[in-house]
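To be precise, the following lines are model13.json, and they hold JSON, C-alpha atoms.
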```json
[["chain", "number", "residue", "atom", "x", "y", "z"],
["A", 1, "MET", "CA", 102.43, 97.30, 77.37],
["A", 2, "SER", "CA", 99.41, 95.14, 78.06],
["A", 3, "GLY", "CA", 96.08, 96.39, 79.31],
["A", 4, "PRO", "CA", 94.11, 99.53, 78.52],
["A", 5, "GLN", "CA", 95.48, 103.03, 78.80],
["A", 6, "VAL", "CA", 96.18, 104.03, 82.39],
["A", 7, "LYS", "CA", 93.97, 106.79, 83.83],
["A", 8, "VAL", "CA", 95.62, 109.33, 86.12],
["A", 9, "LEU", "CA", 93.71, 111.79, 88.30],
["A", 10, "GLY", "CA", 95.53, 114.95, 89.37],
["A", 11, "VAL", "CA", 94.19, 116.36, 92.65],
["A", 12, "SER", "CA", 95.06, 119.93, 93.57],
["A", 13, "GLY", "CA", 94.72, 120.55, 97.31],
["A", 14, "SER", "CA", 95.05, 124.33, 97.18],
["A", 15, "MET", "CA", 91.96, 126.48, 97.58],
["A", 16, "THR", "CA", 93.64, 129.44, 95.88],
["A", 17, "ALA", "CA", 92.80, 130.03, 92.23],
["A", 18, "GLY", "CA", 95.85, 129.79, 89.98],
["A", 19, "SER", "CA", 98.02, 128.63, 92.87],
["A", 20, "ASP", "CA", 101.64, 127.52, 92.75],
["A", 21, "THR", "CA", 100.37, 124.08, 93.78],
["A", 22, "LEU", "CA", 98.16, 123.83, 90.71],
["A", 23, "GLN", "CA", 101.06, 124.87, 88.50],
["A", 24, "VAL", "CA", 103.28, 122.18, 90.01],
["A", 25, "LEU", "CA", 100.56, 119.57, 89.56],
["A", 26, "GLN", "CA", 100.13, 120.49, 85.91],
["A", 27, "GLU", "CA", 103.84, 119.81, 85.29],
["A", 28, "ALA", "CA", 103.49, 116.37, 86.85],
["A", 29, "MET", "CA", 100.38, 115.72, 84.77],
["A", 30, "THR", "CA", 102.36, 116.60, 81.66],
["A", 31, "GLY", "CA", 104.82, 113.87, 82.58],
["A", 32, "ALA", "CA", 101.98, 111.37, 82.95],
["A", 33, "ARG", "CA", 100.40, 112.41, 79.67],
["A", 34, "ASP", "CA", 103.74, 112.15, 77.84],
["A", 35, "ALA", "CA", 104.05, 108.59, 79.21],
["A", 36, "GLY", "CA", 100.76, 107.63, 77.56],
["A", 37, "ALA", "CA", 98.27, 108.21, 80.38],
["A", 38, "GLU", "CA", 94.82, 109.69, 80.09],
["A", 39, "VAL", "CA", 94.77, 112.50, 82.65],
["A", 40, "GLU", "CA", 92.02, 114.41, 84.41],
["A", 41, "LEU", "CA", 92.23, 117.31, 86.86],
["A", 42, "LEU", "CA", 90.28, 117.59, 90.11],
["A", 43, "ASP", "CA", 90.81, 121.14, 91.38],
["A", 44, "LEU", "CA", 89.40, 121.32, 94.90],
["A", 45, "ALA", "CA", 89.26, 125.13, 94.65],
["A", 46, "VAL", "CA", 86.67, 124.66, 91.91],
["A", 47, "VAL", "CA", 84.81, 121.63, 93.26],
["A", 48, "ASP", "CA", 84.82, 123.05, 96.83],
["A", 49, "PRO", "CA", 83.40, 119.97, 98.55],
["A", 50, "PRO", "CA", 81.77, 120.25, 101.98],
["A", 51, "ASN", "CA", 83.52, 118.93, 105.06],
["A", 52, "LEU", "CA", 82.59, 115.30, 105.60],
["A", 53, "ARG", "CA", 79.57, 114.58, 107.78],
["A", 54, "VAL", "CA", 79.66, 110.83, 108.31],
["A", 55, "GLY", "CA", 76.38, 109.14, 107.42],
["A", 56, "ASP", "CA", 74.84, 112.22, 105.79],
["A", 57, "LYS", "CA", 73.16, 110.75, 102.71],
["A", 58, "ALA", "CA", 72.12, 114.14, 101.33],
["A", 59, "GLN", "CA", 75.71, 115.36, 101.47],
["A", 60, "ARG", "CA", 76.96, 112.20, 99.79],
["A", 61, "ALA", "CA", 74.48, 112.74, 96.95],
["A", 62, "SER", "CA", 75.57, 116.36, 96.40],
["A", 63, "PRO", "CA", 77.28, 117.18, 93.07],
["A", 64, "ALA", "CA", 80.59, 118.12, 94.73],
["A", 65, "VAL", "CA", 80.87, 114.88, 96.70],
["A", 66, "GLN", "CA", 79.75, 112.79, 93.75],
["A", 67, "ARG", "CA", 82.47, 114.47, 91.69],
["A", 68, "ILE", "CA", 85.03, 113.39, 94.28],
["A", 69, "LEU", "CA", 83.77, 109.82, 94.39],
["A", 70, "THR", "CA", 83.38, 109.28, 90.66],
["A", 71, "THR", "CA", 86.78, 110.71, 89.72],
["A", 72, "ALA", "CA", 88.55, 108.75, 92.47],
["A", 73, "ALA", "CA", 86.89, 105.54, 91.28],
["A", 74, "TRP", "CA", 87.61, 106.34, 87.61],
["A", 75, "ALA", "CA", 91.33, 106.73, 88.16],
["A", 76, "ASP", "CA", 93.90, 103.95, 88.04],
["A", 77, "ALA", "CA", 96.49, 106.19, 89.71],
["A", 78, "TYR", "CA", 96.78, 109.62, 91.33],
["A", 79, "LEU", "CA", 98.97, 112.68, 91.30],
["A", 80, "ILE", "CA", 98.29, 114.49, 94.57],
["A", 81, "ALA", "CA", 99.45, 118.05, 95.12],
["A", 82, "THR", "CA", 99.40, 120.05, 98.33],
["A", 83, "PRO", "CA", 100.74, 123.30, 99.72],
["A", 84, "GLU", "CA", 102.46, 122.88, 103.07],
["A", 85, "TYR", "CA", 100.58, 124.67, 105.84],
["A", 86, "HIS", "CA", 102.05, 124.62, 109.37],
["A", 87, "GLY", "CA", 103.98, 121.45, 108.63],
["A", 88, "GLY", "CA", 101.10, 119.55, 107.05],
["A", 89, "PRO", "CA", 98.93, 119.22, 103.95],
["A", 90, "SER", "CA", 95.94, 121.45, 103.30],
["A", 91, "GLY", "CA", 92.67, 120.84, 105.11],
["A", 92, "ALA", "CA", 90.94, 120.66, 101.72],
["A", 93, "LEU", "CA", 93.07, 117.71, 100.73],
["A", 94, "LYS", "CA", 92.51, 115.93, 104.04],
["A", 95, "ASN", "CA", 88.77, 116.40, 103.50],
["A", 96, "TRP", "CA", 89.11, 114.80, 100.05],
["A", 97, "PHE", "CA", 90.63, 111.74, 101.72],
["A", 98, "ASP", "CA", 87.89, 111.71, 104.37],
["A", 99, "HIS", "CA", 85.23, 111.21, 101.70],
["A", 100, "LEU", "CA", 87.04, 108.16, 100.26],
["A", 101, "TYR", "CA", 87.81, 104.63, 101.32],
["A", 102, "PRO", "CA", 87.52, 101.84, 98.74],
["A", 103, "GLU", "CA", 88.32, 104.00, 95.72],
["A", 104, "PRO", "CA", 92.13, 104.38, 96.16],
["A", 105, "ALA", "CA", 92.85, 100.74, 97.05],
["A", 106, "GLY", "CA", 95.19, 98.94, 94.67],
["A", 107, "LYS", "CA", 96.34, 102.13, 92.99],
["A", 108, "VAL", "CA", 99.55, 104.16, 92.87],
["A", 109, "ALA", "CA", 99.96, 107.79, 93.94],
["A", 110, "GLY", "CA", 102.70, 110.30, 93.38],
["A", 111, "ILE", "CA", 103.00, 113.25, 95.75],
["A", 112, "VAL", "CA", 104.03, 116.76, 94.73],
["A", 113, "ALA", "CA", 104.07, 119.73, 97.04],
["A", 114, "THR", "CA", 104.87, 123.41, 97.41],
["A", 115, "ALA", "CA", 106.25, 125.35, 100.35],
["A", 116, "GLY", "CA", 106.91, 128.99, 101.09],
["A", 117, "GLY", "CA", 110.06, 127.97, 102.97],
["A", 118, "THR", "CA", 112.68, 125.42, 102.08],
["A", 119, "SER", "CA", 110.87, 122.08, 102.32],
["A", 120, "ALA", "CA", 107.47, 120.40, 102.03],
["A", 121, "VAL", "CA", 108.66, 117.06, 103.40],
["A", 122, "GLN", "CA", 106.39, 117.00, 106.45],
["A", 123, "SER", "CA", 103.17, 117.43, 104.47],
["A", 124, "SER", "CA", 104.29, 114.75, 102.04],
["A", 125, "GLU", "CA", 105.01, 112.30, 104.84],
["A", 126, "GLN", "CA", 101.53, 112.86, 106.26],
["A", 127, "LEU", "CA", 100.01, 112.22, 102.83],
["A", 128, "GLU", "CA", 101.90, 108.93, 102.65],
["A", 129, "THR", "CA", 100.22, 107.92, 105.91],
["A", 130, "TYR", "CA", 96.77, 108.84, 104.60],
["A", 131, "LEU", "CA", 97.41, 106.84, 101.42],
["A", 132, "ARG", "CA", 98.66, 103.81, 103.31],
["A", 133, "MET", "CA", 95.50, 103.77, 105.41],
["A", 134, "VAL", "CA", 93.38, 103.42, 102.26],
["A", 135, "HIS", "CA", 95.71, 100.73, 100.79],
["A", 136, "CYS", "CA", 97.15, 102.98, 98.10],
["A", 137, "TRP", "CA", 100.78, 102.58, 97.03],
["A", 138, "THR", "CA", 103.04, 105.64, 96.86],
["A", 139, "LEU", "CA", 106.14, 106.35, 94.84],
["A", 140, "PRO", "CA", 109.26, 106.14, 97.02],
["A", 141, "TYR", "CA", 110.19, 109.78, 96.38],
["A", 142, "LEU", "CA", 108.46, 113.14, 96.11],
["A", 143, "ALA", "CA", 108.86, 116.32, 94.12],
["A", 144, "GLN", "CA", 108.53, 119.73, 95.67],
["A", 145, "ALA", "CA", 108.77, 123.33, 94.59],
["A", 146, "VAL", "CA", 109.81, 126.09, 96.96],
["A", 147, "ARG", "CA", 109.81, 129.86, 96.70],
["A", 148, "GLY", "CA", 113.10, 130.10, 94.82],
["A", 149, "ASP", "CA", 111.84, 127.84, 92.02],
["A", 150, "PHE", "CA", 109.44, 130.53, 90.76],
["A", 151, "ASP", "CA", 110.28, 133.78, 88.96],
["A", 152, "GLN", "CA", 109.03, 137.23, 89.96],
["A", 153, "GLU", "CA", 105.83, 136.71, 87.93],
["A", 154, "GLY", "CA", 105.07, 133.50, 89.81],
["A", 155, "ARG", "CA", 105.99, 131.12, 86.99],
["A", 156, "LEU", "CA", 107.74, 127.87, 87.79],
["A", 157, "THR", "CA", 111.08, 128.18, 86.00],
["A", 158, "ASP", "CA", 113.57, 125.93, 87.78],
["A", 159, "ASP", "CA", 114.55, 123.24, 85.29],
["A", 160, "ARG", "CA", 115.58, 120.64, 87.89],
["A", 161, "THR", "CA", 112.25, 120.99, 89.70],
["A", 162, "ILE", "CA", 110.29, 120.70, 86.46],
["A", 163, "ASP", "CA", 112.31, 117.62, 85.51],
["A", 164, "ARG", "CA", 111.58, 115.95, 88.86],
["A", 165, "LEU", "CA", 107.87, 116.77, 88.66],
["A", 166, "ARG", "CA", 107.60, 115.23, 85.22],
["A", 167, "ARG", "CA", 109.41, 112.12, 86.41],
["A", 168, "VAL", "CA", 106.78, 111.73, 89.14],
["A", 169, "GLY", "CA", 104.08, 111.93, 86.49],
["A", 170, "ARG", "CA", 105.87, 109.46, 84.26],
["A", 171, "ASP", "CA", 106.39, 106.96, 87.07],
["A", 172, "VAL", "CA", 102.78, 107.20, 88.24],
["A", 173, "ALA", "CA", 101.66, 106.35, 84.71],
["A", 174, "ILE", "CA", 104.08, 103.42, 84.34],
["A", 175, "TYR", "CA", 103.82, 101.87, 87.80],
["A", 176, "GLY", "CA", 100.14, 102.72, 88.03],
["A", 177, "ARG", "CA", 99.48, 100.39, 85.13],
["A", 178, "LEU", "CA", 101.51, 97.57, 86.68],
["A", 179, "VAL", "CA", 99.84, 97.79, 90.09],
["A", 180, "ARG", "CA", 96.38, 98.18, 88.55],
["A", 181, "ASP", "CA", 96.80, 95.02, 86.49],
["A", 182, "GLN", "CA", 98.23, 92.99, 89.38],
["A", 183, "HIS", "CA", 95.50, 94.17, 91.76],
["A", 184, "ALA", "CA", 92.84, 93.17, 89.23],
["A", 185, "ALA", "CA", 94.41, 89.73, 88.86],
["A", 186, "ASP", "CA", 94.55, 89.30, 92.64],
["A", 187, "LEU", "CA", 90.89, 90.24, 92.99],
["A", 188, "ARG", "CA", 90.09, 87.28, 90.75],
["A", 189, "ARG", "CA", 92.10, 84.85, 92.90],
["A", 190, "GLY", "CA", 89.57, 84.60, 95.69],
["A", 191, "GLU", "CA", 89.80, 85.20, 99.41],
["A", 192, "GLY", "CA", 92.91, 83.26, 100.43],
["A", 193, "VAL", "CA", 96.46, 84.35, 101.11],
["A", 194, "GLU", "CA", 97.28, 83.94, 97.41],
["A", 195, "ALA", "CA", 95.13, 87.03, 96.73],
["A", 196, "GLY", "CA", 97.11, 89.18, 99.16],
["A", 197, "TYR", "CA", 95.54, 92.35, 100.50],
["A", 198, "ALA", "CA", 93.34, 92.61, 97.41],
["A", 199, "ALA", "CA", 91.07, 89.93, 98.89],
["A", 200, "TRP", "CA", 89.92, 92.49, 101.46],
["A", 201, "HIS", "CA", 88.55, 94.62, 98.61],
["A", 202, "ARG", "CA", 86.56, 92.01, 96.74],
["A", 203, "PRO", "CA", 83.08, 93.33, 95.99],
["A", 204, "THR", "CA", 80.35, 91.72, 98.06],
["A", 205, "ALA", "CA", 77.07, 90.50, 96.60]]
```

Any chance you could give the structure as structure tokens?
Amino acid sequence: MSGPQVKVLGVSGSMTAGSDTLQVLQEAMTGARDAGAEVELLDLAVVDPPNLRVGDKAQRASPAVQRILTTAAWADAYLIATPEYHGGPSGALKNWFDHLYPEPAGKVAGIVATAGGTSAVQSSEQLETYLRMVHCWTLPYLAQAVRGDFDQEGRLTDDRTIDRLRRVGRDVAIYGRLVRDQHAADLRRGEGVEAGYAAWHRPTA
């Protein structure tokens, strides 16, 4: 494949140390790594960024917020993991989005999720909306792990779930490279229709 190695950022939206969500994300990251990606983990339970205060320059300069911004800009693609709380993604993950705008544009994201019940579809659908609003592409499917996919010690053991998670990681690595390269080419085209939506993200002098 042409172009440099694709860089994939895994974002864990659980604020619980050693959570099921982090475990699920790590499986997806394995899939990305096996597909040739350079991967990095952003664990929001460790970074613990403050809730966004719009226009607060001191907050923006804080180490936690700078960590969010620099890793989001570094990545060519994302693996985003959330637990489902009350039919939606975690507040920590929504706060991560709130701190961002230009960084995710022209990139690909894969969504993985966990749920204590039978489905995490609603949280994943909300994440797709967040990603669309920042001009980030999403894979057309998700991978989720529910209570029955873990053994009594809390280890993810369901082979079909692990397989699906690793496919998400693989596809983020492969399609992330394609979209990254096309977006970069479109940025060079100028400001007309031929540049597509990328023209809206051209850096200004």

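You can rank A:Leu93, A:Val193, A:Val6, A:Leu100 by their closest distance to Ala37 of chain A using only C-alpha atoms, and at the top of that list sits A:Val6.
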
*For Thr161 of chain A, please output as a list of chain:residue names all residues within 12 Å (counting all atoms listed in the file; exclusion window: fewer than 4 positions along the same chain).*
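Residues meeting the cut-off are A:Gln23, A:Val24, A:Leu25, A:Glu27, A:Ala28, A:Val112, A:Ala113, A:Thr114, A:Leu142, A:Ala143, A:Gln144, A:Ala145, A:Val146, A:Arg147, A:Gly148, A:Asp149, A:Phe150, A:Leu156, A:Thr157, A:Leu165, A:Arg166, A:Arg167, A:Val168.
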
For the residues in that selection, give me C-alpha atoms as an mmCIF file, in the coordinates of the input.
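Output file result_13.cif is given in full below:
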```
data_model
loop_
_atom_site.group_PDB
_atom_site.id
_atom_site.type_symbol
_atom_site.label_atom_id
_atom_site.label_comp_id
_atom_site.auth_asym_id
_atom_site.auth_seq_id
_atom_site.Cartn_x
_atom_site.Cartn_y
_atom_site.Cartn_z
ATOM 1 C CA GLN A 23 101.060 124.870 88.500
ATOM 2 C CA VAL A 24 103.280 122.180 90.010
ATOM 3 C CA LEU A 25 100.560 119.570 89.560
ATOM 4 C CA GLU A 27 103.840 119.810 85.290
ATOM 5 C CA ALA A 28 103.490 116.370 86.850
ATOM 6 C CA VAL A 112 104.030 116.760 94.730
ATOM 7 C CA ALA A 113 104.070 119.730 97.040
ATOM 8 C CA THR A 114 104.870 123.410 97.410
ATOM 9 C CA LEU A 142 108.460 113.140 96.110
ATOM 10 C CA ALA A 143 108.860 116.320 94.120
ATOM 11 C CA GLN A 144 108.530 119.730 95.670
ATOM 12 C CA ALA A 145 108.770 123.330 94.590
ATOM 13 C CA VAL A 146 109.810 126.090 96.960
ATOM 14 C CA ARG A 147 109.810 129.860 96.700
ATOM 15 C CA GLY A 148 113.100 130.100 94.820
ATOM 16 C CA ASP A 149 111.840 127.840 92.020
ATOM 17 C CA PHE A 150 109.440 130.530 90.760
ATOM 18 C CA LEU A 156 107.740 127.870 87.790
ATOM 19 C CA THR A 157 111.080 128.180 86.000
ATOM 20 C CA LEU A 165 107.870 116.770 88.660
ATOM 21 C CA ARG A 166 107.600 115.230 85.220
ATOM 22 C CA ARG A 167 109.410 112.120 86.410
ATOM 23 C CA VAL A 168 106.780 111.730 89.140
#
```

Name all residues at most 9 Å from Leu22 of chain A (count all atoms listed in the file; drop same-chain ones fewer than 6 positions away) and give them as a PDB file with C-alpha atoms, in the frame of the given file.
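Final output, saved to around.pdb:
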```pdb
ATOM      1  CA  VAL A  11      94.190 116.360  92.650  1.00  0.00           C
ATOM      2  CA  SER A  12      95.060 119.930  93.570  1.00  0.00           C
ATOM      3  CA  GLY A  13      94.720 120.550  97.310  1.00  0.00           C
ATOM      4  CA  SER A  14      95.050 124.330  97.180  1.00  0.00           C
ATOM      5  CA  THR A  16      93.640 129.440  95.880  1.00  0.00           C
ATOM      6  CA  ASP A  43      90.810 121.140  91.380  1.00  0.00           C
ATOM      7  CA  ALA A  81      99.450 118.050  95.120  1.00  0.00           C
ATOM      8  CA  THR A  82      99.400 120.050  98.330  1.00  0.00           C
TER       9      THR A  82
END
```

*One decimal, Å: what's the distance from atom CA of Arg53 of chain A over to atom CA of Ser123 of chain A, could you say?*
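Between atom CA of Arg53 of chain A and atom CA of Ser123 of chain A the gap works out to 24.0 Å.
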
Find the residues of segment 132-174 of chain A that sit at most 12 Å from segment 67-76 of chain A; for each, write down the nearest two atoms and how far apart they are in Å, to one decimal. Count all atoms listed in the file. Sort by chain, then by number going up, and give it as a Markdown table.
```
| residue | atom | partner | partner_atom | distance |
| --- | --- | --- | --- | --- |
| A:Cys136 | CA | A:Asp76 | CA | 10.6 |
| A:Trp137 | CA | A:Asp76 | CA | 11.4 |
| A:Val172 | CA | A:Asp76 | CA | 9.5 |
| A:Ala173 | CA | A:Asp76 | CA | 8.8 |
| A:Ile174 | CA | A:Asp76 | CA | 10.8 |
```

Keeping only C-alpha atoms, write those residues as a compact mmCIF listing (two decimals), in the coordinates of the input.
```txt
# COMPACT_ATOMS: atom_id res chain seq x y z
CA CYS A 136 97.15 102.98 98.10
CA TRP A 137 100.78 102.58 97.03
CA VAL A 172 102.78 107.20 88.24
CA ALA A 173 101.66 106.35 84.71
CA ILE A 174 104.08 103.42 84.34
```

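Relative to atom CA of Asp48 of chain A, atom CA of Thr129 of chain A is found at 23.4 Å.
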
*Would you mind reading off the distance between atom CA of Glu84 of chain A and atom CA of Ala115 of chain A, one decimal, in Å?*
5.3 Å

*Find the residue from A:Leu44, A:Ala58, A:Leu178, A:Ala195 that sits nearest to Ala92 of chain A; use all atoms listed in the file when measuring.*
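Distance minimum relative to Ala92 of chain A lands on A:Leu44.
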
*Pick the closest to Val134 of chain A from A:Tyr85, A:Leu187, A:Ala198, A:Glu153: which is it, counting only C-alpha atoms?*
A:Ala198

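Proximity of A:Leu9, A:Leu127, A:Gly91, A:Glu191 to Ala45 of chain A, computed with all atoms listed in the file, is greatest for A:Gly91.
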
*Would you mind telling me which residue in A:Arg170, A:Lys107, A:Arg160, A:Arg155 lies nearest to Gln182 of chain A when using all atoms listed in the file?*
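Once distances to Gln182 of chain A are computed over all atoms listed in the file, the minimum belongs to A:Lys107.
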
Determine the axis-aligned bounding box of all atoms of segment 129-133 of chain A present in the file, pad each side by 8 Å, and express its centre and edge lengths in Å to one decimal place as AutoDock Vina command-line options.
```
--center_x 97.9 --center_y 106.3 --center_z 103.7 --size_x 20.7 --size_y 21.1 --size_z 20.5
```

*Dump as a ChimeraX atom specification all residues having an atom at most 10 Å from (104.5, 107.6, 88.6), computed in the file's coordinates with all atoms listed in the file.*
/A:8,28-29,31-32,35,77-79,108-111,138-141,165-177

*Rank nothing, just name the residue among A:Gln5, A:Asn51, A:Ser119, A:Gln59 nearest to Arg33 of chain A, using all atoms listed in the file.*
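Residue with the minimum atom-to-atom distance to Arg33 of chain A: A:Gln5.
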